[in-house]
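Participant: Handing over run-v8.csv, CSV, C-alpha atoms.
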```
chain,number,residue,atom,x,y,z
A,1,MET,CA,51.5,61.9,12.1
A,2,THR,CA,54.6,63.7,10.8
A,3,LEU,CA,56.8,65.9,13.0
A,4,SER,CA,55.4,68.9,11.2
A,5,GLN,CA,51.8,68.0,12.1
A,6,SER,CA,52.7,67.4,15.8
A,7,GLU,CA,53.9,71.0,16.0
A,8,LEU,CA,50.3,72.1,15.6
A,9,ALA,CA,47.6,72.6,18.2
A,10,LEU,CA,44.8,71.8,15.6
A,11,ASP,CA,43.9,68.1,15.7
A,12,ALA,CA,44.8,65.9,12.7
A,13,GLU,CA,41.2,65.3,11.7
A,14,ALA,CA,40.6,69.1,11.4
A,15,GLN,CA,43.9,69.5,9.5
A,16,ASN,CA,42.8,66.9,7.0
A,17,LEU,CA,39.3,68.4,6.6
A,18,LEU,CA,40.4,71.9,6.0
A,19,PHE,CA,43.8,71.5,4.2
A,20,ARG,CA,45.5,68.1,3.7
A,21,GLU,CA,42.6,66.1,2.3
A,22,ALA,CA,40.4,68.9,1.0
A,23,ARG,CA,40.5,69.4,-2.7
A,24,THR,CA,39.2,71.9,-5.3
A,25,ALA,CA,36.1,70.3,-6.8
A,26,ASN,CA,35.4,70.5,-10.5
A,27,SER,CA,32.2,68.5,-10.4
A,28,PHE,CA,29.4,68.3,-7.9
A,29,SER,CA,26.6,65.9,-6.8
A,30,ASP,CA,23.0,66.9,-6.9
A,31,GLU,CA,22.8,67.2,-3.1
A,32,PRO,CA,21.6,70.7,-2.3
A,33,VAL,CA,23.5,73.1,-0.1
A,34,THR,CA,21.0,74.5,2.4
A,35,ASP,CA,20.6,78.1,3.7
A,36,GLU,CA,21.3,76.7,7.2
A,37,GLN,CA,24.7,75.4,6.0
A,38,VAL,CA,25.7,78.8,4.5
A,39,GLN,CA,24.4,80.5,7.7
A,40,ALA,CA,26.6,78.2,9.8
A,41,ILE,CA,29.6,78.9,7.6
A,42,TYR,CA,29.1,82.6,8.0
A,43,ASP,CA,28.6,82.4,11.7
A,44,LEU,CA,32.0,80.7,11.9
A,45,VAL,CA,34.1,82.8,9.6
A,46,LYS,CA,32.7,86.1,10.6
A,47,TRP,CA,35.0,86.0,13.6
A,48,ALA,CA,38.2,86.0,11.6
A,49,PRO,CA,40.1,89.3,11.5
A,50,THR,CA,39.8,92.4,9.3
A,51,SER,CA,41.7,95.6,9.6
A,52,MET,CA,39.7,98.0,11.9
A,53,ASN,CA,36.9,95.4,11.8
A,54,GLN,CA,36.0,96.6,8.3
A,55,GLN,CA,34.2,93.4,7.2
A,56,PRO,CA,33.9,94.5,3.6
A,57,LEU,CA,33.1,91.0,2.2
A,58,ARG,CA,29.6,90.7,0.6
A,59,ILE,CA,28.3,87.4,-0.8
A,60,VAL,CA,25.7,86.9,-3.5
A,61,LEU,CA,24.4,83.3,-3.6
A,62,LEU,CA,23.1,82.0,-6.9
A,63,ARG,CA,20.8,79.0,-6.7
A,64,SER,CA,18.4,79.2,-9.6
A,65,ALA,CA,19.3,78.4,-13.2
A,66,GLU,CA,18.2,82.0,-14.2
A,67,ALA,CA,20.5,83.6,-11.7
A,68,LYS,CA,23.5,81.4,-12.8
A,69,GLN,CA,22.7,82.3,-16.5
A,70,ARG,CA,23.4,85.9,-15.6
A,71,LEU,CA,26.9,85.0,-14.4
A,72,LEU,CA,28.1,82.4,-16.9
A,73,PRO,CA,29.0,84.8,-19.8
A,74,HIS,CA,31.4,86.6,-17.4
A,75,LEU,CA,33.4,83.4,-16.5
A,76,MET,CA,36.2,81.8,-18.5
A,77,GLU,CA,34.7,79.4,-21.0
A,78,GLY,CA,36.3,76.4,-19.3
A,79,ASN,CA,34.6,77.3,-16.0
A,80,ARG,CA,31.1,77.6,-17.3
A,81,ALA,CA,29.9,73.9,-17.4
A,82,LYS,CA,30.9,73.2,-13.8
A,83,THR,CA,29.4,76.4,-12.5
A,84,GLU,CA,26.1,75.6,-14.3
A,85,GLN,CA,26.2,72.2,-12.6
A,86,ALA,CA,27.1,73.3,-9.0
A,87,PRO,CA,24.2,73.3,-6.5
A,88,LEU,CA,25.3,76.7,-5.2
A,89,VAL,CA,27.5,79.4,-6.7
A,90,ALA,CA,28.8,82.4,-4.6
A,91,ILE,CA,30.0,85.7,-5.9
A,92,LEU,CA,32.4,87.1,-3.4
A,93,ALA,CA,32.6,90.9,-3.6
A,94,ALA,CA,34.1,93.9,-1.7
A,95,ASP,CA,31.7,96.6,-0.4
A,96,THR,CA,33.5,99.9,-1.2
A,97,GLU,CA,31.0,101.6,1.1
A,98,PHE,CA,32.0,99.5,4.1
A,99,HIS,CA,33.0,102.6,6.1
A,100,GLU,CA,29.3,103.4,6.6
A,101,ASN,CA,29.2,100.5,9.1
A,102,LEU,CA,32.2,101.6,11.1
A,103,PRO,CA,30.2,103.7,13.7
A,104,LYS,CA,28.4,100.4,14.5
A,105,VAL,CA,31.3,97.9,14.2
A,106,PHE,CA,34.2,100.0,15.5
A,107,PRO,CA,32.2,102.1,18.0
A,108,HIS,CA,35.1,103.1,20.3
A,109,LYS,CA,36.7,105.2,17.6
A,110,PRO,CA,34.0,107.5,16.2
A,111,GLU,CA,36.4,109.1,13.7
A,112,ALA,CA,37.1,105.8,12.0
A,113,LYS,CA,34.7,106.4,9.2
A,114,ASP,CA,36.5,109.6,8.2
A,115,ILE,CA,39.8,107.8,7.7
A,116,PHE,CA,38.2,106.2,4.7
A,117,ALA,CA,36.8,109.4,3.1
A,118,ASP,CA,39.1,109.0,0.0
A,119,PRO,CA,37.4,106.6,-2.4
A,120,VAL,CA,40.7,105.2,-3.8
A,121,PHE,CA,42.0,104.4,-0.4
A,122,ARG,CA,38.7,102.9,0.6
A,123,GLU,CA,38.5,100.7,-2.4
A,124,GLN,CA,42.1,99.4,-1.7
A,125,ASN,CA,41.1,98.6,1.8
A,126,ALA,CA,37.8,97.0,0.8
A,127,LYS,CA,39.4,94.7,-1.8
A,128,LEU,CA,42.4,93.7,0.4
A,129,ASN,CA,40.2,92.9,3.5
A,130,ALA,CA,37.4,91.3,1.5
A,131,THR,CA,39.9,89.0,-0.2
A,132,LEU,CA,41.3,87.9,3.2
A,133,GLN,CA,37.7,87.2,4.2
A,134,ALA,CA,37.2,85.2,1.0
A,135,GLY,CA,40.2,83.0,2.1
A,136,TYR,CA,38.5,82.5,5.5
A,137,PHE,CA,35.2,81.7,3.7
A,138,PHE,CA,36.7,79.0,1.5
A,139,LEU,CA,38.1,77.2,4.6
A,140,GLY,CA,34.6,77.7,6.2
A,141,VAL,CA,33.0,75.9,3.3
A,142,ARG,CA,35.3,73.0,4.0
A,143,ALA,CA,34.5,73.2,7.7
A,144,ALA,CA,30.9,72.5,6.7
A,145,GLY,CA,32.1,69.3,5.0
A,146,LEU,CA,31.5,70.8,1.6
A,147,ALA,CA,33.9,71.2,-1.4
A,148,VAL,CA,34.6,74.5,-2.9
A,149,GLY,CA,35.9,75.4,-6.4
A,150,PRO,CA,37.2,79.0,-6.3
A,151,MET,CA,37.7,80.8,-9.6
A,152,THR,CA,39.6,84.1,-10.0
A,153,GLY,CA,39.6,84.0,-13.8
A,154,LEU,CA,36.6,86.2,-14.5
A,155,ASP,CA,35.4,89.4,-16.1
A,156,ALA,CA,35.0,91.4,-12.9
A,157,ALA,CA,33.7,94.5,-14.8
A,158,GLY,CA,31.0,92.4,-16.5
A,159,ILE,CA,29.9,90.9,-13.2
A,160,ASN,CA,29.9,94.3,-11.5
A,161,ALA,CA,27.7,95.7,-14.3
A,162,GLU,CA,25.3,92.8,-14.1
A,163,PHE,CA,25.0,92.3,-10.3
A,164,PHE,CA,26.2,95.6,-8.8
A,165,PRO,CA,24.9,98.3,-11.1
A,166,GLU,CA,24.9,100.9,-8.3
A,167,GLY,CA,28.7,100.7,-8.3
A,168,ASP,CA,29.2,100.0,-4.6
A,169,GLN,CA,30.5,96.5,-4.9
A,170,GLN,CA,33.5,95.0,-6.7
A,171,ALA,CA,33.5,91.2,-7.6
A,172,LEU,CA,36.6,89.4,-6.5
A,173,VAL,CA,36.2,85.7,-6.8
A,174,VAL,CA,33.4,83.3,-7.8
A,175,ALA,CA,33.1,79.9,-6.0
A,176,ASN,CA,31.2,76.7,-6.7
A,177,ILE,CA,30.0,74.9,-3.6
A,178,GLY,CA,28.6,71.5,-3.0
A,179,LYS,CA,29.4,67.8,-2.4
A,180,PRO,CA,31.9,66.4,-4.9
A,181,GLY,CA,30.5,64.6,-7.9
A,182,GLU,CA,32.1,62.1,-10.3
A,183,ASN,CA,35.8,62.4,-11.0
A,184,PRO,CA,35.7,65.7,-9.0
A,185,TRP,CA,39.4,66.6,-9.0
A,186,MET,CA,42.7,66.5,-10.9
A,187,GLU,CA,45.7,64.8,-9.5
A,188,ARG,CA,47.1,66.9,-6.7
A,189,LEU,CA,49.5,69.6,-8.0
A,190,PRO,CA,52.9,70.2,-6.4
A,191,ARG,CA,53.4,72.9,-3.8
A,192,LEU,CA,56.4,75.2,-3.5
A,193,ASP,CA,58.9,74.3,-0.9
A,194,TYR,CA,59.3,76.2,2.3
A,195,ASP,CA,62.6,77.7,1.2
A,196,GLU,CA,61.0,79.0,-2.0
A,197,VAL,CA,58.4,80.9,-0.1
A,198,VAL,CA,59.8,81.9,3.3
A,199,THR,CA,62.9,84.1,4.0
A,200,THR,CA,64.2,84.9,7.5
A,201,LEU,CA,66.0,88.2,8.3
B,1,MET,CA,26.8,73.7,20.9
B,2,THR,CA,24.4,75.9,19.0
B,3,LEU,CA,22.3,74.8,16.0
B,4,SER,CA,24.7,76.7,13.8
B,5,GLN,CA,27.8,74.9,15.1
B,6,SER,CA,26.2,71.5,14.7
B,7,GLU,CA,25.7,72.1,11.0
B,8,LEU,CA,29.5,72.0,10.6
B,9,ALA,CA,31.8,69.0,10.1
B,10,LEU,CA,34.6,70.7,11.9
B,11,ASP,CA,34.8,69.7,15.6
B,12,ALA,CA,33.9,72.4,18.2
B,13,GLU,CA,37.4,72.5,19.6
B,14,ALA,CA,38.9,73.4,16.2
B,15,GLN,CA,36.1,75.9,15.6
B,16,ASN,CA,37.1,77.6,18.8
B,17,LEU,CA,40.8,77.5,18.1
B,18,LEU,CA,40.6,79.0,14.7
B,19,PHE,CA,37.6,81.3,14.9
B,20,ARG,CA,35.3,81.6,17.9
B,21,GLU,CA,37.9,82.0,20.7
B,22,ALA,CA,40.9,83.2,18.6
B,23,ARG,CA,41.6,86.9,19.0
B,24,THR,CA,43.8,89.5,17.3
B,25,ALA,CA,46.6,90.0,19.8
B,26,ASN,CA,48.1,93.4,20.5
B,27,SER,CA,50.7,92.3,23.0
B,28,PHE,CA,52.9,89.2,23.1
B,29,SER,CA,54.8,87.1,25.7
B,30,ASP,CA,58.5,86.6,25.4
B,31,GLU,CA,58.1,83.0,24.3
B,32,PRO,CA,59.8,82.6,20.9
B,33,VAL,CA,58.2,81.3,17.8
B,34,THR,CA,60.4,78.6,16.4
B,35,ASP,CA,61.4,77.9,12.8
B,36,GLU,CA,59.8,74.5,13.3
B,37,GLN,CA,56.5,76.1,14.1
B,38,VAL,CA,56.5,78.3,11.0
B,39,GLN,CA,57.5,75.3,8.9
B,40,ALA,CA,54.6,73.4,10.3
B,41,ILE,CA,52.2,76.3,9.6
B,42,TYR,CA,53.5,76.5,6.0
B,43,ASP,CA,53.2,72.7,5.5
B,44,LEU,CA,49.6,73.0,6.5
B,45,VAL,CA,48.4,76.1,4.6
B,46,LYS,CA,50.3,75.4,1.4
B,47,TRP,CA,47.5,73.0,0.5
B,48,ALA,CA,44.8,75.6,0.3
B,49,PRO,CA,43.8,76.6,-3.2
B,50,THR,CA,45.1,79.3,-5.5
B,51,SER,CA,44.0,79.9,-9.1
B,52,MET,CA,45.9,77.7,-11.5
B,53,ASN,CA,48.1,76.8,-8.5
B,54,GLN,CA,49.8,80.2,-8.8
B,55,GLN,CA,51.0,80.2,-5.1
B,56,PRO,CA,52.2,83.8,-5.3
B,57,LEU,CA,52.5,84.4,-1.5
B,58,ARG,CA,56.0,85.1,-0.2
B,59,ILE,CA,56.8,85.6,3.5
B,60,VAL,CA,59.7,87.5,5.0
B,61,LEU,CA,60.2,86.7,8.7
B,62,LEU,CA,61.7,89.4,10.9
B,63,ARG,CA,63.2,88.1,14.1
B,64,SER,CA,66.1,90.5,15.0
B,65,ALA,CA,65.7,94.0,16.4
B,66,GLU,CA,67.7,95.2,13.4
B,67,ALA,CA,65.4,93.6,10.9
B,68,LYS,CA,62.3,95.0,12.7
B,69,GLN,CA,63.8,98.5,12.8
B,70,ARG,CA,63.8,98.5,8.9
B,71,LEU,CA,60.1,97.9,9.0
B,72,LEU,CA,58.8,100.1,11.8
B,73,PRO,CA,58.9,103.5,9.9
B,74,HIS,CA,56.6,102.1,7.3
B,75,LEU,CA,53.8,101.1,9.8
B,76,MET,CA,51.1,103.3,11.2
B,77,GLU,CA,52.5,104.9,14.4
B,78,GLY,CA,50.0,103.1,16.6
B,79,ASN,CA,51.2,99.7,15.3
B,80,ARG,CA,54.9,100.2,16.0
B,81,ALA,CA,55.3,99.4,19.7
B,82,LYS,CA,53.5,96.1,19.5
B,83,THR,CA,55.5,95.1,16.3
B,84,GLU,CA,58.7,95.9,18.1
B,85,GLN,CA,57.6,93.7,21.0
B,86,ALA,CA,56.3,90.7,19.0
B,87,PRO,CA,58.7,87.7,19.0
B,88,LEU,CA,58.1,87.2,15.2
B,89,VAL,CA,56.9,89.6,12.5
B,90,ALA,CA,56.0,88.4,9.0
B,91,ILE,CA,55.7,90.6,5.9
B,92,LEU,CA,53.3,88.9,3.5
B,93,ALA,CA,53.9,89.8,-0.1
B,94,ALA,CA,52.8,88.9,-3.6
B,95,ASP,CA,55.5,87.6,-6.0
B,96,THR,CA,54.7,89.3,-9.3
B,97,GLU,CA,57.0,86.8,-11.1
B,98,PHE,CA,55.1,83.8,-9.9
B,99,HIS,CA,54.5,82.7,-13.5
B,100,GLU,CA,58.1,81.5,-13.7
B,101,ASN,CA,57.1,78.6,-11.4
B,102,LEU,CA,54.1,77.5,-13.5
B,103,PRO,CA,55.9,75.0,-15.7
B,104,LYS,CA,56.8,73.2,-12.4
B,105,VAL,CA,53.6,73.6,-10.4
B,106,PHE,CA,51.0,73.5,-13.3
B,107,PRO,CA,52.9,71.0,-15.5
B,108,HIS,CA,50.0,69.6,-17.4
B,109,LYS,CA,49.4,73.0,-19.1
B,110,PRO,CA,52.7,74.1,-20.6
B,111,GLU,CA,51.2,77.3,-22.0
B,112,ALA,CA,50.1,78.5,-18.5
B,113,LYS,CA,53.1,80.7,-18.1
B,114,ASP,CA,52.2,82.7,-21.3
B,115,ILE,CA,48.7,83.5,-20.0
B,116,PHE,CA,50.5,85.8,-17.6
B,117,ALA,CA,52.8,87.6,-20.0
B,118,ASP,CA,51.0,90.9,-19.4
B,119,PRO,CA,52.6,92.5,-16.2
B,120,VAL,CA,49.4,94.3,-15.2
B,121,PHE,CA,47.3,91.2,-15.4
B,122,ARG,CA,50.0,89.3,-13.6
B,123,GLU,CA,50.2,91.7,-10.8
B,124,GLN,CA,46.4,91.6,-10.3
B,125,ASN,CA,46.5,87.8,-10.1
B,126,ALA,CA,49.5,87.8,-7.8
B,127,LYS,CA,47.9,90.2,-5.3
B,128,LEU,CA,44.5,88.6,-5.4
B,129,ASN,CA,45.8,85.0,-4.9
B,130,ALA,CA,48.5,86.0,-2.4
B,131,THR,CA,45.9,87.8,-0.3
B,132,LEU,CA,43.7,84.7,-0.3
B,133,GLN,CA,46.8,82.8,0.9
B,134,ALA,CA,47.4,85.5,3.6
B,135,GLY,CA,44.0,84.6,4.9
B,136,TYR,CA,44.8,80.9,5.0
B,137,PHE,CA,48.2,81.7,6.7
B,138,PHE,CA,46.5,83.7,9.5
B,139,LEU,CA,44.3,80.7,10.3
B,140,GLY,CA,47.4,78.5,10.1
B,141,VAL,CA,49.1,80.6,12.7
B,142,ARG,CA,46.1,80.0,15.0
B,143,ALA,CA,46.2,76.3,14.1
B,144,ALA,CA,49.7,76.3,15.7
B,145,GLY,CA,48.2,77.6,18.9
B,146,LEU,CA,49.7,81.1,18.3
B,147,ALA,CA,48.0,84.5,18.2
B,148,VAL,CA,48.3,86.7,15.1
B,149,GLY,CA,48.0,90.4,14.8
B,150,PRO,CA,47.5,91.3,11.1
B,151,MET,CA,48.0,94.9,10.0
B,152,THR,CA,46.9,96.3,6.6
B,153,GLY,CA,47.5,99.9,7.5
B,154,LEU,CA,51.0,100.3,6.1
B,155,ASP,CA,53.2,102.2,3.6
B,156,ALA,CA,53.4,99.4,1.1
B,157,ALA,CA,55.6,101.4,-1.3
B,158,GLY,CA,58.1,102.1,1.5
B,159,ILE,CA,58.2,98.4,2.5
B,160,ASN,CA,58.7,97.4,-1.1
B,161,ALA,CA,61.6,99.8,-1.5
B,162,GLU,CA,63.3,98.6,1.7
B,163,PHE,CA,62.7,94.9,1.4
B,164,PHE,CA,62.1,94.2,-2.3
B,165,PRO,CA,64.3,96.6,-4.2
B,166,GLU,CA,64.3,94.4,-7.3
B,167,GLY,CA,60.6,95.2,-7.7
B,168,ASP,CA,59.4,91.6,-8.0
B,169,GLN,CA,57.4,91.5,-4.8
B,170,GLN,CA,54.6,93.7,-3.4
B,171,ALA,CA,53.9,93.9,0.3
B,172,LEU,CA,50.3,93.2,1.2
B,173,VAL,CA,50.0,92.7,5.0
B,174,VAL,CA,52.2,92.6,8.0
B,175,ALA,CA,51.5,90.2,10.9
B,176,ASN,CA,52.8,90.0,14.4
B,177,ILE,CA,52.9,86.4,15.7
B,178,GLY,CA,53.4,85.0,19.2
B,179,LYS,CA,51.8,83.8,22.4
B,180,PRO,CA,49.5,86.5,23.8
B,181,GLY,CA,51.0,88.8,26.5
B,182,GLU,CA,49.4,91.0,29.1
B,183,ASN,CA,46.0,92.5,28.3
B,184,PRO,CA,46.4,91.2,24.8
B,185,TRP,CA,43.1,92.2,23.2
B,186,MET,CA,40.3,94.7,23.1
B,187,GLU,CA,36.7,93.7,23.9
B,188,ARG,CA,35.3,91.7,21.1
B,189,LEU,CA,33.9,93.9,18.4
B,190,PRO,CA,30.5,93.3,16.8
B,191,ARG,CA,30.2,91.4,13.5
B,192,LEU,CA,27.7,92.1,10.7
B,193,ASP,CA,24.6,90.0,10.6
B,194,TYR,CA,24.1,87.3,8.0
B,195,ASP,CA,21.5,89.4,6.2
B,196,GLU,CA,23.8,92.4,6.0
B,197,VAL,CA,26.4,90.3,4.1
B,198,VAL,CA,24.6,87.6,2.2
B,199,THR,CA,22.0,88.0,-0.6
B,200,THR,CA,20.4,85.0,-2.3
B,201,LEU,CA,19.2,85.2,-5.9
```
Show the structure stored in the file as structure tokens.
Facilitator:
Amino acid sequence: MTLSQSELALDAEAQNLLFREARTANSFSDEPVTDEQVQAIYDLVKWAPTSMNQQPLRIVLLRSAEAKQRLLPHLMEGNRAKTEQAPLVAILAADTEFHENLPKVFPHKPEAKDIFADPVFREQNAKLNATLQAGYFFLGVRAAGLAVGPMTGLDAAGINAEFFPEGDQQALVVANIGKPGENPWMERLPRLDYDEVVTTL
Amino acid sequence: MTLSQSELALDAEAQNLLFREARTANSFSDEPVTDEQVQAIYDLVKWAPTSMNQQPLRIVLLRSAEAKQRLLPHLMEGNRAKTEQAPLVAILAADTEFHENLPKVFPHKPEAKDIFADPVFREQNAKLNATLQAGYFFLGVRAAGLAVGPMTGLDAAGINAEFFPEGDQQALVVANIGKPGENPWMERLPRLDYDEVVTTL
């Protein structure tokens, strides 16, 4: 254990599972991902924070070949084969009508819904908070012992037209999910140093 | 342990530390957050994935009263007192010039930098991926045994003008960090049910 690891309360095994040994998978085994696993992932990550408990993340799971065929044309060409092959594909989207839930999920402030009356402000909030939740979700997939392959290079407008024709959701990220297959990942890429990322004032 | 918890590979203690028992803090003790702790958090969360290893997240840590005073006018009024009181405040921002690092962090694809020549496309990528990293960072703060209080209700343009006058960074979220103080949190707010969030095709 390094000095850095010993500064953390999280045990070393969990650090490895979620961060240090987890890798972005580009190929997957045939082993299915069950509904029970996705339910368990959601029941874990739902507790992570969003601003005013907005919870704007929505998830569309694609299991069937037919469902995946609707998505493939909207992905970068280099991402299509692995998405076709993954046992489970998730479209992570922001619900721009999240404010309708606020009377239920932020009940102590009945005026909360009205704060988001402006659709531009609401969309900004939905995308920002749903993207935070997407980050939580990816770590939740790893918490279930599964590998995740997130992809932000996509034609969001095309996905929105195909999957969200009512216009109330905006696609953010697509993720392949499963057990790693053969030669599942590239050599680990370098990370920026602390001093390149963090400034103290 | 519930059925749902037993579906996960992550141990129950880690589940509690990061998600189930972790709470958004609104007050903090006087105990300082050390540079070593922030370094350990970064050395953990830096491994989580970004598209093409973009790593656009930048973090400005505010420790001194003077530094915090520069931030306070740009926060919602209800967030100022707790931010003034927190031992450490972090501005999480997206570096819209992240592509300059790609020759170093995505070395096997020398043309990667040119993909992001368009500043609008680059800003979209920077914000999306830095927000995913902000989600990882919040869980990393919890992994260090600290409480985090993220705030997305802020005047981003004002923060950008004050802290990033060169225009190469965009503020996304501000987070208070520390050990919880007195009456640190509200009653836990309800979360959406699985069927309200997840659809299977």
Participant: Measuring atom to atom with all atoms listed in the file, identify which of A:Gln85, A:Thr199, A:Asn16, A:Thr34 is nearest to chain B.
Facilitator: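 Nearest candidate to chain B out of A:Gln85, A:Thr199, A:Asn16, A:Thr34: A:Thr199.
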Participant: I'd like the neighbourhood of region 188-194 of chain B as a ChimeraX atom specification, where a residue qualifies if any of its atoms comes within 10 Å (using only C-alpha atoms), though same-chain residues fewer than 3 positions away should be ignored.
Facilitator: /A:38-40,42-43,46-48,52-56,58-59,101,104-108 /B:23-24,185,197-199
Participant: Just checking: using all atoms listed in the file, which residue out of B:Glu7, B:Pro119, B:Glu111, B:Met151 ends up closest to Leu132 (chain A)?
Facilitator: B:Met151
Participant: If I take CA of Asn160 (chain A) and CA of Gly178 (chain A), how far is one from the other in Å, to one decimal?
Facilitator: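 Computing it gives 24.4 Å between the two atoms.
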Participant: With only C-alpha atoms as the basis for distance, which of B:Pro103, B:Gly145, B:Gly78, B:Gly181 is at the shortest distance from chain A?
Facilitator: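 Ranked by minimum distance to chain A, first place goes to B:Gly145.
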Participant: Counting all atoms listed in the file, which residues of region 76-105 of chain B fall within 7 Å of region 165-172 of chain B, and what is the closest atom pair for each with its distance in Å at one decimal, ordered by chain and rising number, as a tab-separated table?
Facilitator:
```
residue	atom	partner	partner_atom	distance
B:Ile91	CA	B:Ala171	CA	6.7
B:Leu92	CA	B:Leu172	CA	5.7
B:Ala93	CA	B:Ala171	CA	4.1
B:Ala94	CA	B:Gln170	CA	5.1
B:Asp95	CA	B:Gln169	CA	4.5
B:Thr96	CA	B:Asp168	CA	5.4
B:Glu97	CA	B:Asp168	CA	6.2
```
Participant: Measure the distance from CA of His99 (chain A) to CA of Glu84 (chain B) in Å and round it to one decimal.
Facilitator: 29.1 Å
Participant: Using all atoms listed in the file, find the one residue out of A:Pro110, A:Gly149, A:Pro73, A:Pro87 that sits nearest to chain B.
Facilitator: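 Of all the options, A:Gly149 lies closest to chain B.
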Participant: So how far away is CA of Ala157 (chain A) from CA of Phe121 (chain B), in Å?
Facilitator: 14.0 Å
Participant: Place a sphere of radius 7 Å on (42.8, 85.2, 6.6) in the file coordinates and name every protein, DNA or RNA residue with an atom inside or on its surface, counting all atoms listed in the file; give the answer as a list in words.
Facilitator: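 Final list of nearby residues, as requested, is Ala48, Pro49, Leu132, Gln133, Gly135 and Tyr136 of chain A; Leu132, Ala134, Gly135, Tyr136, Phe137, Phe138 and Leu139 of chain B.
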Participant: Can you work out which one of A:Ala67, A:Ala81, A:Ile177, A:Leu88 has the shortest atom-to-atom distance to chain B, counting all atoms listed in the file?
Facilitator: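 Selected residue with least distance to chain B: A:Ala67.
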Participant: Go through A:Lys109, A:His74, A:Arg80, A:Arg63 and flag the residue nearest chain B, using all atoms listed in the file for the distances.
Facilitator: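 Among A:Lys109, A:His74, A:Arg80, A:Arg63, it is A:Arg63 that comes nearest to chain B.
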Participant: I need every residue sitting at most 12 Å from the point (28.1, 73.6, 12.8) (coordinates as in the file, all atoms listed in the file considered), written as a VMD selection string.
Facilitator: (chain A and resid 36 to 45 140 to 145) or (chain B and resid 1 to 16 20)
Participant: List the neighbours of Asn79 (chain B) out to 12 Å using only C-alpha atoms; skip same-chain residues closer than 6 positions along the sequence, and give me the result as a CSV table (one decimal) with C-alpha atoms, in the frame of the given file.
Facilitator:
```
chain,number,residue,atom,x,y,z
A,51,SER,CA,41.7,95.6,9.6
B,25,ALA,CA,46.6,90.0,19.8
B,26,ASN,CA,48.1,93.4,20.5
B,27,SER,CA,50.7,92.3,23.0
B,71,LEU,CA,60.1,97.9,9.0
B,72,LEU,CA,58.8,100.1,11.8
B,73,PRO,CA,58.9,103.5,9.9
B,85,GLN,CA,57.6,93.7,21.0
B,86,ALA,CA,56.3,90.7,19.0
B,89,VAL,CA,56.9,89.6,12.5
B,149,GLY,CA,48.0,90.4,14.8
B,150,PRO,CA,47.5,91.3,11.1
B,151,MET,CA,48.0,94.9,10.0
B,152,THR,CA,46.9,96.3,6.6
B,153,GLY,CA,47.5,99.9,7.5
B,154,LEU,CA,51.0,100.3,6.1
B,174,VAL,CA,52.2,92.6,8.0
B,175,ALA,CA,51.5,90.2,10.9
B,176,ASN,CA,52.8,90.0,14.4
```
